[in-house]
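Enquirer: entry-v1.cif is the file, holding mmCIF, C-alpha atoms:
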```
data_structure
#
loop_
_atom_site.label_atom_id
_atom_site.label_comp_id
_atom_site.auth_asym_id
_atom_site.auth_seq_id
_atom_site.Cartn_x
_atom_site.Cartn_y
_atom_site.Cartn_z
CA MET G 1004 4.02 -21.43 7.36
CA THR G 1005 0.99 -22.60 9.30
CA PHE G 1006 -2.10 -20.68 10.31
CA THR G 1007 -5.35 -21.84 11.88
CA LEU G 1008 -8.31 -19.57 12.48
CA PRO G 1009 -10.35 -20.42 15.60
CA PRO G 1010 -13.65 -22.07 14.60
CA ASP G 1011 -15.71 -19.49 16.49
CA ILE G 1012 -14.52 -16.67 14.19
CA ALA G 1013 -16.75 -16.46 11.13
CA THR G 1014 -15.44 -16.03 7.61
CA PRO G 1015 -14.64 -14.15 5.49
CA VAL G 1016 -12.13 -12.35 7.69
CA TYR G 1017 -8.83 -10.55 7.28
CA VAL G 1018 -6.31 -11.35 10.01
CA LEU G 1019 -3.23 -9.25 10.75
CA ASP G 1020 -0.49 -11.22 12.53
CA GLU G 1021 1.32 -8.88 14.95
CA THR G 1022 4.38 -11.14 15.13
CA LEU G 1023 4.86 -10.90 11.37
CA LEU G 1024 4.26 -7.14 11.43
CA ALA G 1025 6.88 -6.74 14.17
CA ARG G 1026 9.36 -8.63 11.98
CA ASN G 1027 8.74 -6.22 9.10
CA LEU G 1028 9.01 -3.16 11.31
CA GLU G 1029 12.45 -4.33 12.39
CA THR G 1030 13.60 -3.86 8.79
CA ALA G 1031 12.26 -0.30 8.77
CA ALA G 1032 13.95 0.37 12.12
CA ARG G 1033 17.28 -0.85 10.73
CA ILE G 1034 17.04 1.38 7.65
CA LYS G 1035 16.22 4.39 9.83
CA ARG G 1036 18.96 3.62 12.33
CA GLU G 1037 21.69 3.16 9.72
CA THR G 1038 20.77 6.10 7.46
CA GLY G 1039 18.98 8.67 9.59
CA CYS G 1040 16.13 8.77 7.06
CA LYS G 1041 12.46 9.00 7.96
CA ILE G 1042 9.90 6.34 7.02
CA LEU G 1043 6.19 7.03 6.65
CA LEU G 1044 3.28 4.61 6.34
CA ALA G 1045 1.44 5.05 3.04
CA THR G 1046 -2.14 4.56 4.20
CA LYS G 1047 -3.36 4.05 0.63
CA ALA G 1048 -1.91 0.53 0.94
CA PHE G 1049 -2.69 -0.24 4.57
CA ALA G 1050 -4.95 1.62 6.96
CA LEU G 1051 -5.78 -0.32 10.12
CA PRO G 1052 -5.94 2.09 13.07
CA ALA G 1053 -5.88 -0.83 15.49
CA ALA G 1054 -2.29 -1.47 14.36
CA PHE G 1055 -1.15 2.15 14.46
CA ALA G 1056 -0.01 2.12 18.08
CA MET G 1057 2.40 -0.69 17.24
CA MET G 1058 3.62 0.97 14.03
CA ARG G 1059 3.98 4.38 15.66
CA GLU G 1060 6.87 3.08 17.76
CA THR G 1061 9.01 2.72 14.61
CA LEU G 1062 7.59 4.96 11.92
CA ASP G 1063 7.69 8.75 11.68
CA GLY G 1064 4.13 9.31 10.51
CA THR G 1065 1.81 8.70 7.59
CA THR G 1066 1.41 9.83 4.03
CA ALA G 1067 -2.01 10.39 2.49
CA SER G 1068 -3.60 10.65 -0.94
CA GLY G 1069 -6.21 13.19 0.10
CA GLU G 1070 -8.06 14.85 2.94
CA TYR G 1071 -9.71 11.79 4.47
CA GLU G 1072 -6.51 9.77 4.71
CA ALA G 1073 -4.71 12.83 6.07
CA ARG G 1074 -7.37 13.27 8.73
CA MET G 1075 -7.07 9.63 9.72
CA GLY G 1076 -3.31 9.98 9.95
CA ALA G 1077 -3.59 13.09 12.10
CA GLU G 1078 -6.27 11.72 14.41
CA GLU G 1079 -5.31 8.05 14.65
CA PHE G 1080 -1.56 7.85 14.05
CA GLY G 1081 -0.16 11.24 14.99
CA LYS G 1082 3.41 12.31 14.29
CA GLU G 1083 4.09 13.70 10.80
CA VAL G 1084 1.36 13.77 8.14
CA HIS G 1085 2.27 14.20 4.47
CA CYS G 1086 -0.25 14.46 1.64
CA TYR G 1087 -0.07 14.31 -2.15
CA SER G 1088 -2.83 14.32 -4.74
CA PRO G 1089 -2.60 15.02 -8.48
CA ALA G 1090 -5.32 17.63 -7.91
CA TYR G 1091 -7.28 18.94 -4.94
CA MET G 1092 -10.99 19.56 -4.46
CA PRO G 1093 -12.23 23.11 -3.79
CA GLY G 1094 -11.35 24.03 -0.21
CA GLU G 1095 -9.35 20.83 0.34
CA VAL G 1096 -5.92 22.47 0.56
CA ALA G 1097 -7.13 24.97 3.17
CA ARG G 1098 -8.47 22.11 5.26
CA LEU G 1099 -5.29 20.09 4.73
CA THR G 1100 -3.19 22.88 6.23
CA ARG G 1101 -4.85 22.00 9.55
CA LEU G 1102 -4.11 18.28 9.16
CA ALA G 1103 -0.88 17.78 7.20
CA HIS G 1104 2.58 19.10 7.94
CA HIS G 1105 3.77 18.62 4.35
CA ILE G 1106 1.52 19.12 1.31
CA TYR G 1107 2.79 18.04 -2.12
CA PHE G 1108 1.63 19.38 -5.47
CA ASN G 1109 1.65 18.04 -9.00
CA SER G 1110 2.96 21.10 -10.83
CA PRO G 1111 4.55 24.51 -10.33
CA ALA G 1112 1.24 26.06 -11.38
CA GLN G 1113 -0.58 24.32 -8.52
CA ILE G 1114 1.95 25.59 -6.01
CA ARG G 1115 1.57 29.14 -7.24
CA GLU G 1116 -2.22 28.83 -7.03
CA TYR G 1117 -2.18 27.73 -3.40
CA LEU G 1118 0.93 29.57 -2.23
CA PRO G 1119 -0.88 32.32 -0.26
CA VAL G 1120 -2.88 29.88 1.87
CA LEU G 1121 0.15 27.61 2.36
CA LYS G 1122 2.43 30.44 3.48
CA ALA G 1123 -0.23 31.82 5.80
CA ALA G 1124 -0.55 28.40 7.44
CA GLY G 1125 3.20 27.76 7.57
CA SER G 1126 2.85 24.46 5.71
CA ALA G 1127 5.88 22.72 4.24
CA ILE G 1128 5.50 22.62 0.46
CA GLY G 1129 6.47 19.74 -1.78
CA LEU G 1130 6.66 19.37 -5.55
CA ARG G 1131 6.24 15.95 -7.10
CA ILE G 1132 8.37 15.43 -10.17
CA ASN G 1133 8.06 12.79 -12.84
CA PRO G 1134 11.64 11.50 -12.81
CA GLY G 1135 11.24 9.44 -15.96
CA TYR G 1136 12.51 6.33 -14.23
CA SER G 1137 10.50 3.29 -15.27
CA LEU G 1138 10.98 -0.34 -14.30
CA ALA G 1139 9.20 -3.48 -15.41
CA THR G 1140 6.64 -3.68 -12.61
CA LEU G 1141 3.83 -5.95 -11.57
CA GLY G 1142 0.88 -4.81 -13.65
CA GLY G 1143 3.00 -2.94 -16.21
CA ASP G 1144 1.85 0.58 -17.03
CA LEU G 1145 -1.11 0.19 -14.68
CA TYR G 1146 1.23 0.74 -11.72
CA ASP G 1147 4.05 2.73 -13.33
CA PRO G 1148 3.91 6.41 -12.29
CA CYS G 1149 6.34 7.24 -15.11
CA ALA G 1150 4.42 5.46 -17.86
CA PRO G 1151 3.77 7.47 -21.03
CA TYR G 1152 1.22 10.27 -20.50
CA SER G 1153 1.21 9.72 -16.74
CA ARG G 1154 -0.76 12.32 -14.80
CA PHE G 1155 1.69 12.13 -11.89
CA GLY G 1156 4.39 14.70 -11.33
CA ALA G 1157 5.88 17.75 -12.97
CA THR G 1158 7.90 16.98 -16.08
CA ARG G 1159 11.43 18.27 -16.44
CA ASP G 1160 10.48 21.02 -18.93
CA THR G 1161 8.27 22.71 -16.28
CA LEU G 1162 10.68 22.68 -13.33
CA GLU G 1163 12.28 26.07 -13.98
CA ASP G 1164 8.83 27.60 -13.58
CA ALA G 1165 8.59 26.44 -9.95
CA PRO G 1166 8.93 28.92 -7.07
CA TRP G 1167 11.92 27.07 -5.60
CA GLN G 1168 12.45 29.61 -2.86
CA ASP G 1169 9.15 28.38 -1.37
CA ILE G 1170 9.58 24.62 -1.98
CA ASP G 1171 10.81 22.44 0.89
CA VAL G 1172 10.56 18.90 -0.48
CA LEU G 1173 11.25 17.25 -3.83
CA HIS G 1174 9.03 14.20 -4.24
CA ALA G 1175 10.06 11.43 -6.65
CA HIS G 1176 7.77 8.40 -6.52
CA ALA G 1177 8.41 6.00 -9.39
CA LEU G 1178 8.41 2.44 -8.01
CA CYS G 1179 6.03 -0.47 -7.52
CA GLU G 1180 7.12 -3.62 -5.68
CA ALA G 1181 10.72 -2.75 -6.52
CA THR G 1182 13.74 -4.80 -5.56
CA HIS G 1183 16.76 -3.17 -3.91
CA GLU G 1184 18.16 -2.58 -7.40
CA GLY G 1185 15.13 -0.49 -8.24
CA SER G 1186 15.31 1.50 -5.01
CA ALA G 1187 19.01 2.25 -5.37
CA GLY G 1188 18.55 2.93 -9.08
CA LEU G 1189 15.91 5.59 -8.46
CA ILE G 1190 18.05 7.31 -5.84
CA ALA G 1191 21.08 7.36 -8.17
CA HIS G 1192 18.90 8.56 -11.06
CA VAL G 1193 17.58 11.53 -9.09
CA ALA G 1194 21.09 12.38 -7.90
CA ARG G 1195 22.40 12.31 -11.45
CA GLU G 1196 19.52 13.91 -13.36
CA PHE G 1197 18.00 16.36 -10.88
CA ALA G 1198 20.95 17.52 -8.78
CA PRO G 1199 20.33 21.27 -9.37
CA TYR G 1200 16.83 20.94 -7.94
CA VAL G 1201 17.86 18.69 -5.04
CA ARG G 1202 20.25 21.45 -3.96
CA ARG G 1203 17.32 23.88 -3.70
CA VAL G 1204 15.26 21.88 -1.18
CA LYS G 1205 15.57 20.67 2.39
CA ALA G 1206 14.36 17.10 1.83
CA VAL G 1207 13.78 14.51 -0.88
CA ASN G 1208 10.96 11.99 -0.63
CA PHE G 1209 11.63 8.86 -2.68
CA GLY G 1210 8.02 7.72 -2.33
CA GLY G 1211 6.82 4.16 -2.05
CA GLY G 1212 7.23 0.93 -3.95
CA HIS G 1213 10.35 -0.04 -1.99
CA PHE G 1214 9.50 -3.69 -1.25
CA ILE G 1215 11.83 -3.75 1.74
CA ASN G 1216 10.41 -6.90 3.36
CA LYS G 1217 9.92 -9.09 0.33
CA ALA G 1218 12.14 -12.16 0.12
CA GLY G 1219 15.35 -11.31 -1.72
CA TYR G 1220 15.29 -7.57 -1.01
CA ASP G 1221 18.74 -6.52 0.24
CA ALA G 1222 18.12 -3.62 2.62
CA GLY G 1223 21.88 -3.03 2.78
CA VAL G 1224 21.87 -1.84 -0.84
CA LEU G 1225 19.14 0.69 -0.07
CA ILE G 1226 21.01 1.82 3.06
CA ASP G 1227 24.20 2.43 1.09
CA ALA G 1228 22.27 4.39 -1.57
CA ILE G 1229 20.60 6.65 0.99
CA ARG G 1230 23.88 7.27 2.79
CA ALA G 1231 25.59 8.26 -0.44
CA PHE G 1232 22.74 10.55 -1.42
CA LYS G 1233 22.69 12.30 1.95
CA ALA G 1234 26.46 12.70 1.90
CA GLN G 1235 26.29 14.29 -1.55
CA PHE G 1236 23.43 16.70 -0.94
CA ASP G 1237 23.06 17.09 2.85
CA VAL G 1238 19.26 16.83 2.72
CA GLU G 1239 16.74 14.86 4.72
CA VAL G 1240 15.45 11.70 3.04
CA TYR G 1241 11.97 10.22 3.32
CA LEU G 1242 10.60 6.87 2.22
CA GLU G 1243 6.88 6.12 2.23
CA PRO G 1244 6.35 2.40 1.69
CA GLY G 1245 2.93 0.92 2.26
CA ALA G 1246 2.97 -2.61 0.90
CA GLY G 1247 6.65 -2.92 1.76
CA LEU G 1248 5.84 -2.56 5.45
CA VAL G 1249 2.99 -5.07 5.57
CA VAL G 1250 3.86 -7.62 2.87
CA ASP G 1251 3.33 -11.19 4.14
CA THR G 1252 1.90 -10.07 7.49
CA GLY G 1253 -1.66 -11.36 7.26
CA PHE G 1254 -4.33 -13.49 5.70
CA LEU G 1255 -7.81 -13.55 4.22
CA VAL G 1256 -9.71 -16.63 5.37
CA GLY G 1257 -12.72 -17.76 3.38
CA SER G 1258 -14.96 -20.82 3.46
CA VAL G 1259 -16.20 -23.13 0.75
CA LEU G 1260 -19.94 -22.62 0.24
CA ALA G 1261 -20.56 -25.11 -2.56
CA ILE G 1262 -18.85 -27.35 -5.09
CA HIS G 1263 -19.98 -26.99 -8.69
CA HIS G 1264 -18.91 -28.92 -11.78
CA ASN G 1265 -18.76 -27.57 -15.32
CA GLY G 1266 -15.93 -29.31 -17.15
CA LYS G 1267 -13.84 -28.80 -14.02
CA ASP G 1268 -14.57 -28.78 -10.30
CA ILE G 1269 -15.35 -25.29 -9.05
CA ALA G 1270 -15.34 -24.27 -5.40
CA ILE G 1271 -17.56 -21.28 -4.66
CA LEU G 1272 -16.33 -19.30 -1.65
CA ASP G 1273 -17.61 -16.59 0.64
CA ALA G 1274 -14.40 -14.72 -0.31
CA SER G 1275 -14.46 -12.92 -3.64
CA ALA G 1276 -11.85 -11.63 -6.07
CA SER G 1277 -13.99 -8.75 -7.31
CA THR G 1278 -15.07 -7.50 -3.89
CA HIS G 1279 -12.37 -8.65 -1.44
CA MET G 1280 -9.21 -9.06 -3.56
CA PRO G 1281 -9.58 -6.56 -6.43
CA ASP G 1282 -5.87 -6.68 -7.33
CA VAL G 1283 -6.36 -10.32 -8.33
CA LEU G 1284 -8.33 -8.97 -11.28
CA GLU G 1285 -6.62 -5.62 -11.75
CA VAL G 1286 -2.97 -6.71 -11.84
CA PRO G 1287 -3.86 -9.60 -12.43
CA TYR G 1288 -2.23 -12.21 -10.19
CA THR G 1289 -3.04 -15.46 -8.41
CA PRO G 1290 -2.74 -15.31 -4.61
CA GLU G 1291 -1.09 -18.11 -2.70
CA ILE G 1292 -3.12 -20.42 -0.43
CA LEU G 1293 -1.68 -22.26 2.55
CA GLY G 1294 -1.55 -26.00 1.85
CA ALA G 1295 -2.43 -25.61 -1.83
CA ASP G 1296 -0.34 -25.63 -5.00
CA LYS G 1297 -0.63 -25.11 -8.73
CA PRO G 1298 -3.14 -27.34 -10.53
CA GLY G 1299 -1.94 -30.85 -11.27
CA ILE G 1300 0.43 -31.03 -8.30
CA LEU G 1301 -1.51 -32.25 -5.24
CA GLY G 1302 -4.15 -34.46 -6.81
CA HIS G 1303 -7.43 -32.51 -6.40
CA ASP G 1304 -7.84 -29.53 -8.71
CA TYR G 1305 -10.38 -26.74 -8.28
CA ILE G 1306 -11.18 -23.37 -9.77
CA LEU G 1307 -11.93 -21.00 -6.88
CA GLY G 1308 -14.49 -18.26 -7.37
CA GLY G 1309 -16.63 -15.88 -5.39
CA LYS G 1310 -20.40 -15.86 -4.90
CA THR G 1311 -21.03 -12.70 -6.92
CA CYS G 1312 -22.86 -12.71 -10.25
CA MET G 1313 -19.77 -11.41 -12.05
CA THR G 1314 -18.56 -14.11 -14.42
CA GLY G 1315 -14.96 -13.03 -13.98
CA ASP G 1316 -15.02 -13.31 -10.19
CA ILE G 1317 -12.38 -16.04 -10.33
CA ILE G 1318 -9.56 -16.17 -7.80
CA GLY G 1319 -7.53 -18.82 -9.58
CA GLU G 1320 -7.02 -22.53 -10.14
CA TYR G 1321 -5.32 -24.64 -7.47
CA SER G 1322 -4.70 -28.18 -6.35
CA PHE G 1323 -5.30 -29.50 -2.83
CA PRO G 1324 -4.15 -32.67 -1.06
CA GLN G 1325 -7.74 -33.58 -0.15
CA PRO G 1326 -11.09 -32.98 -1.87
CA LEU G 1327 -12.75 -29.73 -0.88
CA LYS G 1328 -16.20 -29.75 0.67
CA PRO G 1329 -18.62 -27.08 1.96
CA GLY G 1330 -17.39 -25.65 5.24
CA ASP G 1331 -13.69 -26.11 4.50
CA ARG G 1332 -11.63 -23.01 5.15
CA VAL G 1333 -9.17 -21.57 2.66
CA VAL G 1334 -6.35 -19.28 3.85
CA PHE G 1335 -5.00 -16.73 1.35
CA THR G 1336 -1.58 -15.31 2.24
CA ASP G 1337 -0.17 -11.77 1.92
CA MET G 1338 -3.57 -10.14 2.31
CA MET G 1339 -2.77 -6.94 4.21
CA GLN G 1340 -1.53 -4.80 1.32
CA TYR G 1341 -4.09 -3.13 -0.97
CA SER G 1342 -6.85 -5.48 0.15
CA PHE G 1343 -9.44 -4.27 2.66
CA VAL G 1344 -8.66 -0.63 1.77
CA LYS G 1345 -10.04 -1.38 -1.74
CA ASN G 1346 -13.07 -3.47 -0.76
CA ASN G 1347 -16.54 -2.90 -2.15
CA THR G 1348 -20.03 -4.30 -1.54
CA PHE G 1349 -20.99 -5.20 -5.11
CA ASN G 1350 -23.97 -7.58 -5.17
CA GLY G 1351 -24.46 -6.93 -1.48
CA VAL G 1352 -21.60 -9.30 -0.69
CA PRO G 1353 -20.66 -8.69 2.97
CA LEU G 1354 -17.34 -7.08 3.72
CA PRO G 1355 -14.94 -9.40 5.56
CA SER G 1356 -14.44 -8.82 9.26
CA LEU G 1357 -11.14 -7.42 10.50
CA ALA G 1358 -9.16 -9.33 13.12
CA ILE G 1359 -5.75 -9.35 14.75
CA LYS G 1360 -3.64 -12.25 15.94
CA SER G 1361 -1.63 -10.92 18.89
CA LYS G 1362 1.95 -11.85 19.63
CA ASP G 1363 0.71 -14.22 22.35
CA GLY G 1364 -1.37 -16.12 19.78
CA ALA G 1365 -4.76 -14.76 20.87
CA PHE G 1366 -7.24 -13.63 18.23
CA ARG G 1367 -9.54 -10.64 18.51
CA VAL G 1368 -12.10 -9.40 15.99
CA ILE G 1369 -11.91 -5.62 15.83
CA ARG G 1370 -14.72 -4.94 13.36
CA GLU G 1371 -17.60 -6.81 11.75
CA PHE G 1372 -19.71 -5.51 8.87
CA GLY G 1373 -23.34 -6.27 8.16
CA TYR G 1374 -26.28 -5.01 6.13
CA ASP G 1375 -26.03 -1.54 7.64
CA GLU G 1376 -22.65 -0.94 5.99
CA PHE G 1377 -24.04 -2.01 2.62
CA ARG G 1378 -27.16 0.12 2.97
CA ARG G 1379 -25.39 3.21 4.33
CA ARG G 1380 -23.22 3.53 1.24
CA LEU G 1381 -26.26 3.65 -1.05
CA GLY G 1382 -27.73 6.84 0.39
#
```
Written as structure tokens, how would this file's structure read?
Expert:
Amino acid sequence: MTFTLPPDIATPVYVLDETLLARNLETAARIKRETGCKILLATKAFALPAAFAMMRETLDGTTASGEYEARMGAEEFGKEVHCYSPAYMPGEVARLTRLAHHIYFNSPAQIREYLPVLKAAGSAIGLRINPGYSLATLGGDLYDPCAPYSRFGATRDTLEDAPWQDIDVLHAHALCEATHEGSAGLIAHVAREFAPYVRRVKAVNFGGGHFINKAGYDAGVLIDAIRAFKAQFDVEVYLEPGAGLVVDTGFLVGSVLAIHHNGKDIAILDASASTHMPDVLEVPYTPEILGADKPGILGHDYILGGKTCMTGDIIGEYSFPQPLKPGDRVVFTDMMQYSFVKNNTFNGVPLPSLAIKSKDGAFRVIREFGYDEFRRRLG
């Protein structure tokens, strides 16, 4: 893969490549076409309204984690809006009934609490269950909704307390960056373990974490699993991938600001792990860089770090074919998922700009951030 940012576009900057996004959307279109399921964009992973017009052609809507994401989905994306939160703020559910078509709850008790306002608004009601289906995932328990003592979803011992006559959707999100085996496994698990409850609803939402566009994912296995499930239960099926729709569709480009030496060569960048790539520290993981490799491979090794005062603001250690110098640009791959949606302005580090590379190869910057964005957030 090659990628070159025009020199007149300043760094740091995230760049969505529309050609790569179109490739990923083709996978979603195939799954929909061959199963009749619906696919929603989980905006918690990717929320770039400038790309919504393109995504709207394939996807059926968005799924939100609260009122603000739901409002964005309603106003910027259109089509269906689904929303789940483990708990809602005072007045939030009433406002959501004007934004979301489907509202999911974390327990039978929550549904009973909000049932009058939901029925008055005609909202579709969902119950999230904790299916008890855990896989070894990136980040371990940090990203496992079914980890011990998880706060997500009603446990099996509470399900008989639910007002099933009023529940439209069973929601079973349990995956994170799952292969096709994980996706099919979850679907089979729900069919086997929760069949009596599936037969009481109109739809089942198998949540996100289906990494449908990652290398090695066999979409055919997922398609077969959905077909079998629909044939068994005659219900509508939803998927709500976020990362799985935008994996490997864009970049974060940073520049070398200085070279420091303390036992090893250290390149200090205008891109930061703690402010621009928080999953590097949270998971943790080491992002790939175009033209670079693991240390000791290409001849010139560097630790890459951000310009914040946080000691742990380290992106990783890499080797390069040529020595780095101030002004050199570094291109991090797979930087659309869970990246700019999680940014912060710690230390007053500027937020990266947002840009799009069109299918014709042209670049356009859609948003730049300056001091005003930093100051506004501080009241």
Enquirer: For the contact check between range 1177-1294 of chain G and range 1021-1029 of chain G, emit one row per residue of range 1177-1294 of chain G within 8 Å, containing the shortest atom pair and the distance in Å rounded to one decimal, counting only C-alpha atoms, chain then rising number order, as CSV.
Expert:
```
residue,atom,partner,partner_atom,distance
G:Asn1216,CA,G:Asn1027,CA,6.0
G:Leu1248,CA,G:Asn1027,CA,5.9
G:Val1249,CA,G:Leu1024,CA,6.3
G:Asp1251,CA,G:Leu1023,CA,7.4
G:Thr1252,CA,G:Leu1023,CA,5.0
G:Gly1253,CA,G:Leu1023,CA,7.7
```
Enquirer: Env of range 1036-1048 of chain G: 9 Å cut, atoms = all atoms listed in the file, seq-sep filter 3 positions within chain, self excluded. Answer as an MDAnalysis selection string.
Expert: chainID G and resid 1031:1033 1051 1058 1061:1068 1072:1073 1075:1076 1083:1085 1210:1211 1226:1227 1229:1230 1233 1239:1246 1248:1249 1339:1342 1344:1345
Enquirer: Quick one: residues within 12 Å of Ser1088 in chain G, all atoms listed in the file, excluding same-chain residues fewer than 3 positions away - as a ChimeraX atom specification?
Expert: /G:1047,1066-1073,1085,1091-1092,1095-1096,1099,1106-1110,1113,1129-1131,1154-1156,1174
Enquirer: So, with all atoms listed in the file as the atoms that count, which of G:Leu1189, G:Ile1132, G:Thr1007, G:Asp1020 lies closest to Lys1362 in chain G?
Expert: G:Asp1020
Enquirer: Counting only C-alpha atoms, figure out which residue out of G:Ala1050, G:Gly1315, G:Asp1144, G:Thr1030 gets nearest to Tyr1220 in chain G.
Expert: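 Using only C-alpha atoms, the shortest distance to Tyr1220 in chain G belongs to G:Thr1030.
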Enquirer: Choose the residue, out of G:Tyr1305, G:Phe1254, G:Phe1372, G:Phe1366, that has the smallest atom-to-atom separation from Ile1271 in chain G; count all atoms listed in the file.
Expert: G:Tyr1305
Enquirer: Apply the PyMOL selection byres ((chain G and resi 1273) around 6) to the structure shown and report the selected residues as a short mmCIF file (atom, residue, chain, number, x, y, z; two decimals) with C-alpha atoms, in the coordinates of the input.
Expert:
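Final file, part_33.cif:
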```
data_model
loop_
_atom_site.label_atom_id
_atom_site.label_comp_id
_atom_site.auth_asym_id
_atom_site.auth_seq_id
_atom_site.Cartn_x
_atom_site.Cartn_y
_atom_site.Cartn_z
CA GLY G 1257 -12.72 -17.76 3.38
CA SER G 1258 -14.96 -20.82 3.46
CA LEU G 1272 -16.33 -19.30 -1.65
CA ALA G 1274 -14.40 -14.72 -0.31
#
```
Enquirer: Taking the file as I've supplied it (selection: the PyMOL selection byres ((chain G and resi 1311) around 9)), which residues are included? Please answer as a VMD selection string.
Expert: chain G and resid 1275 1277 to 1278 1308 to 1310 1312 to 1314 1316 1349 to 1352
Enquirer: Return the single residue from G:Val1193, G:Val1016, G:Leu1008, G:Val1334 that is closest to Ile1369 in chain G, with distances computed using all atoms listed in the file.
Expert: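 Of G:Val1193, G:Val1016, G:Leu1008, G:Val1334, the one nearest Ile1369 in chain G is G:Val1016, counting all atoms listed in the file.
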Enquirer: Taking the file as shown, find all residues satisfying the PyMOL selection byres ((chain G and resi 1267) around 9) and write them as a PyMOL selection string.
Expert: chain G and resi 1263-1266+1268-1269+1304-1306
Enquirer: Counting all atoms listed in the file, which residue out of G:Pro1015, G:Leu1357, G:Val1368, G:Ala1187 sits closest to Ala1231 in chain G?
Expert: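 For Ala1231 in chain G, the nearest of the candidates is G:Ala1187.
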Enquirer: Skip range 1164-1168 of chain G itself and residues of its chain fewer than 2 positions away, then list as number ranges by chain all residues within 8 Å of it, counting only C-alpha atoms.
Expert: G: 1110-1112, 1114-1115, 1161-1162, 1170, 1203-1204
Enquirer: Could you work out how far CA of Thr1289 in chain G lies from CA of Glu1320 in chain G, giving the answer in Å with one decimal?
Expert: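 Here the two named atoms are 8.3 Å from each other.
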Enquirer: Find the distance between CA of Ile1190 in chain G and CA of Ser1153 in chain G and write it in Å to one decimal.
Expert: 20.2 Å
Enquirer: What are the centre and edge lengths in Å, to one decimal, of the axis-aligned box around all listed atoms of range 1309-1317 of chain G with 8 Å added on each side, as JSON?
Expert:
```
{"center_x": -17.6, "center_y": -13.7, "center_z": -9.7, "size_x": 26.5, "size_y": 20.6, "size_z": 25.5}
```
